[in-house]
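Novice: For reference, the file query_28.csv (CSV, C-alpha atoms) is included below:
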```
chain,number,residue,atom,x,y,z
A,1,GLN,CA,10.7,17.2,-19.3
A,2,VAL,CA,10.4,17.0,-15.5
A,3,GLN,CA,13.2,17.0,-13.1
A,4,LEU,CA,12.9,15.6,-9.6
A,5,VAL,CA,15.3,16.2,-6.7
A,6,GLU,CA,14.9,14.2,-3.5
A,7,SER,CA,16.2,14.9,-0.1
A,8,GLY,CA,15.7,13.7,3.5
A,9,GLY,CA,17.0,10.2,3.6
A,10,GLY,CA,19.3,8.9,6.3
A,11,LEU,CA,19.9,6.5,9.2
A,12,VAL,CA,17.4,6.2,11.9
A,13,GLN,CA,16.6,3.7,14.7
A,14,ALA,CA,13.6,1.6,14.6
A,15,GLY,CA,10.5,3.5,15.8
A,16,GLY,CA,11.9,6.8,14.6
A,17,SER,CA,10.8,9.1,11.9
A,18,LEU,CA,12.1,10.7,8.7
A,19,ARG,CA,10.6,13.0,6.1
A,20,LEU,CA,11.5,12.8,2.5
A,21,SER,CA,11.0,15.7,0.1
A,22,CYS,CA,10.8,15.7,-3.7
A,23,ALA,CA,11.0,19.0,-5.6
A,24,ALA,CA,9.8,19.0,-9.1
A,25,SER,CA,10.8,21.4,-11.9
A,26,GLY,CA,10.4,21.7,-15.6
A,27,SER,CA,7.1,20.8,-17.2
A,28,ILE,CA,5.1,20.7,-14.0
A,29,PHE,CA,1.8,21.2,-15.9
A,30,SER,CA,2.2,17.8,-17.5
A,31,ILE,CA,2.3,15.8,-14.2
A,32,ASN,CA,-0.8,13.8,-13.4
A,33,ALA,CA,0.4,12.0,-10.2
A,34,MET,CA,3.4,11.9,-8.0
A,35,GLY,CA,4.5,9.1,-5.7
A,36,TRP,CA,7.2,7.4,-3.8
A,37,TYR,CA,8.7,3.9,-4.6
A,38,ARG,CA,11.4,2.0,-2.8
A,39,GLN,CA,13.8,-0.8,-3.7
A,40,ALA,CA,15.5,-2.9,-1.2
A,41,PRO,CA,18.6,-5.0,-2.1
A,42,GLY,CA,17.6,-8.0,-4.1
A,43,LYS,CA,14.0,-7.0,-4.4
A,44,GLN,CA,11.9,-5.3,-7.0
A,45,ARG,CA,11.0,-1.7,-6.9
A,46,GLU,CA,7.6,-1.3,-5.2
A,47,LEU,CA,5.1,1.5,-4.8
A,48,VAL,CA,5.0,3.0,-1.4
A,49,ALA,CA,2.5,5.9,-1.8
A,50,ALA,CA,1.0,8.0,-4.6
A,51,ILE,CA,-1.0,11.1,-4.7
A,52,THR,CA,-3.2,12.6,-7.5
A,53,SER,CA,-5.1,15.9,-7.4
A,54,GLY,CA,-8.7,15.3,-6.5
A,55,THR,CA,-8.3,11.7,-5.1
A,56,ASN,CA,-7.3,10.1,-1.9
A,57,PRO,CA,-3.7,9.1,-1.6
A,58,ASN,CA,-2.9,5.5,-2.2
A,59,TYR,CA,-0.6,3.5,0.1
A,60,ALA,CA,1.0,0.1,0.1
A,61,ASP,CA,-0.5,-2.1,2.8
A,62,SER,CA,2.9,-2.4,4.6
A,63,VAL,CA,3.0,1.4,5.3
A,64,LYS,CA,-0.6,2.2,5.9
A,65,GLY,CA,-1.0,4.1,9.2
A,66,ARG,CA,2.7,4.9,9.4
A,67,PHE,CA,3.5,6.9,6.3
A,68,THR,CA,1.8,10.0,4.9
A,69,ILE,CA,2.2,11.5,1.5
A,70,SER,CA,1.4,15.1,0.9
A,71,ARG,CA,1.8,17.7,-1.8
A,72,ASP,CA,2.6,21.4,-1.7
A,73,GLY,CA,1.4,22.8,-5.0
A,74,ALA,CA,3.0,26.2,-4.4
A,75,LYS,CA,6.4,24.6,-3.9
A,76,ASN,CA,5.9,21.8,-6.5
A,77,THR,CA,7.1,19.5,-3.8
A,78,VAL,CA,5.8,16.1,-2.5
A,79,TYR,CA,6.6,14.9,0.9
A,80,LEU,CA,6.7,11.4,2.5
A,81,GLN,CA,6.4,11.5,6.3
A,82,MET,CA,7.5,8.2,7.6
A,83,ASN,CA,6.8,7.3,11.3
A,84,SER,CA,7.3,4.2,13.3
A,85,LEU,CA,10.0,3.1,10.9
A,86,LYS,CA,10.9,-0.6,10.9
A,87,PRO,CA,14.1,-2.3,9.7
A,88,GLU,CA,12.2,-3.7,6.7
A,89,ASP,CA,11.6,-0.1,5.5
A,90,THR,CA,15.3,0.0,4.7
A,91,ALA,CA,15.6,0.8,1.0
A,92,VAL,CA,16.5,3.4,-1.6
A,93,TYR,CA,13.4,5.6,-2.0
A,94,TYR,CA,12.6,7.1,-5.4
A,95,CYS,CA,10.3,9.9,-6.3
A,96,ASN,CA,8.2,9.4,-9.3
A,97,ALA,CA,6.1,11.7,-11.5
A,98,ALA,CA,3.6,10.2,-13.9
A,99,ALA,CA,3.0,12.7,-16.7
A,100,ILE,CA,0.8,13.0,-19.8
A,101,GLY,CA,1.7,10.8,-22.6
A,102,TRP,CA,2.4,7.9,-20.2
A,103,ARG,CA,5.7,9.4,-19.4
A,104,ASP,CA,7.5,8.4,-16.1
A,105,TYR,CA,10.1,10.5,-14.5
A,106,TRP,CA,12.3,9.4,-11.6
A,107,GLY,CA,14.5,11.1,-9.0
A,108,GLN,CA,18.0,9.9,-8.2
A,109,GLY,CA,17.0,8.1,-5.1
A,110,THR,CA,17.7,8.6,-1.5
A,111,GLN,CA,18.8,5.9,1.0
A,112,VAL,CA,16.8,5.2,4.1
A,113,THR,CA,18.3,2.9,6.6
A,114,VAL,CA,16.5,1.8,9.7
A,115,SER,CA,18.6,0.0,12.4
A,116,SER,CA,17.1,-2.4,14.8
```
I need this file expressed as C-alpha cells, please.

Specialist:
Amino acid sequence: QVQLVESGGGLVQAGGSLRLSCAASGSIFSINAMGWYRQAPGKQRELVAAITSGTNPNYADSVKGRFTISRDGAKNTVYLQMNSLKPEDTAVYYCNAAAIGWRDYWGQGTQVTVSS
C-alpha cells in the first residue's frame, strides 16, 4: 500500500503561482511513476504532469511552459510548481502513484482556485 498526502492548494489571482506537494509513504519501492491530475467541475479527471525515474517529465499541452513537476527522492515527495496560473487551471488537483502490478494510488485532492 502507498499513502499520498497532498498540500499547497489555495486561492490565487490569475498570473500568480502555487506549489503543490505530495508526500508518499508505505511501499515506496513499488512506485514506478508519480504524477498530478486535476478535475474541474463537470469535467473528467485529466493528467497534468507525470514523472518517472530516468525519463523526461510528461506534461499536458495546456500547462507546458507554466508548470514544472519535480521529485525529491530523499523526502519521497513530488512537487508541482505552477506559474502564470489561469482561471481555467481551477480544479481539484490529485496526486497519483502508479505502482507495480498496475496499481494506482490517489491522494485526497487539494483545491486550486484561480480568480480572474

Novice: Smallest atom-to-atom distance to A:Trp36: which of A:Val92, A:Lys86, A:Ala50, A:Thr55, using all atoms listed in the file?

Specialist: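 Of A:Val92, A:Lys86, A:Ala50, A:Thr55, the one nearest A:Trp36, counting all atoms listed in the file, is A:Ala50.
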
Novice: Around (7.9, 13.7, 10.2), as given in the file, which residues come within 8 Å? Count all atoms listed in the file and list them as a VMD selection string.

Specialist: chain A and resid 17 to 19 81 to 83

Novice: Quick one: distance from atom CA of A:Tyr37 to atom CA of A:Ser84 in Å, one decimal?

Specialist: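 Those two atoms sit 18.0 Å apart.
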
Novice: Would you mind reading off the distance between atom CA of A:Cys22 and atom CA of A:Pro87, one decimal, in Å?

Specialist: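 Computing it gives 22.7 Å between the two atoms.
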
Novice: If we count only C-alpha atoms and set the cut-off at 12 Å, which residues sit around A:Lys64, ignoring sequence neighbours fewer than 3 positions away in its own chain? Please answer as a PDB file with C-alpha atoms, keeping the file's coordinate frame.

Specialist:
```
ATOM      1  CA  VAL A  48       5.000   3.000  -1.400  1.00  0.00           C
ATOM      2  CA  ALA A  49       2.500   5.900  -1.800  1.00  0.00           C
ATOM      3  CA  PRO A  57      -3.700   9.100  -1.600  1.00  0.00           C
ATOM      4  CA  ASN A  58      -2.900   5.500  -2.200  1.00  0.00           C
ATOM      5  CA  TYR A  59      -0.600   3.500   0.100  1.00  0.00           C
ATOM      6  CA  ALA A  60       1.000   0.100   0.100  1.00  0.00           C
ATOM      7  CA  ASP A  61      -0.500  -2.100   2.800  1.00  0.00           C
ATOM      8  CA  PHE A  67       3.500   6.900   6.300  1.00  0.00           C
ATOM      9  CA  THR A  68       1.800  10.000   4.900  1.00  0.00           C
ATOM     10  CA  ILE A  69       2.200  11.500   1.500  1.00  0.00           C
ATOM     11  CA  GLN A  81       6.400  11.500   6.300  1.00  0.00           C
ATOM     12  CA  MET A  82       7.500   8.200   7.600  1.00  0.00           C
ATOM     13  CA  ASN A  83       6.800   7.300  11.300  1.00  0.00           C
ATOM     14  CA  SER A  84       7.300   4.200  13.300  1.00  0.00           C
ATOM     15  CA  LEU A  85      10.000   3.100  10.900  1.00  0.00           C
TER      16      LEU A  85
END
```

Novice: In file coordinates, which residues lie within 9 Å of (16.0, 3.6, -0.3) using all atoms listed in the file, given as a PyMOL selection string?

Specialist: chain A and resi 9+37-40+89-94+109-113

Novice: Applying 9 Å and only C-alpha atoms, which residues near A:Gly26 remain after dropping the ones on its own chain fewer than 3 positions away? List them as a list in words.

Specialist: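 In the requested form, the answer reads Gln1, Val2, Gln3, Leu4 and Phe29 of chain A.
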
Novice: Would you mind reading off the distance between atom CA of A:Asn32 and atom CA of A:Ser62, one decimal, in Å?

Specialist: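 For atom CA of A:Asn32 relative to atom CA of A:Ser62, the distance reads 24.5 Å.
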
Novice: Taking 4 positions as the minimum chain separation for residues in the same chain, which residues sit within 12 Å of A:Ile28 when counting all atoms listed in the file? Answer as a list in words.

Specialist: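 Returned residues: Gln1, Val2, Gln3, Leu4, Ala23, Ala24, Asn32, Ala33, Met34, Gly73, Ala74, Lys75, Asn76, Thr77, Ala97, Ala98, Ala99, Ile100 and Tyr105 of chain A.
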
Novice: Rank A:Glu88, A:Cys95, A:Ser27, A:Arg71 by their smallest atom-to-atom distance to A:Gly8, using all atoms listed in the file, and report the top residue only.

Specialist: A:Cys95
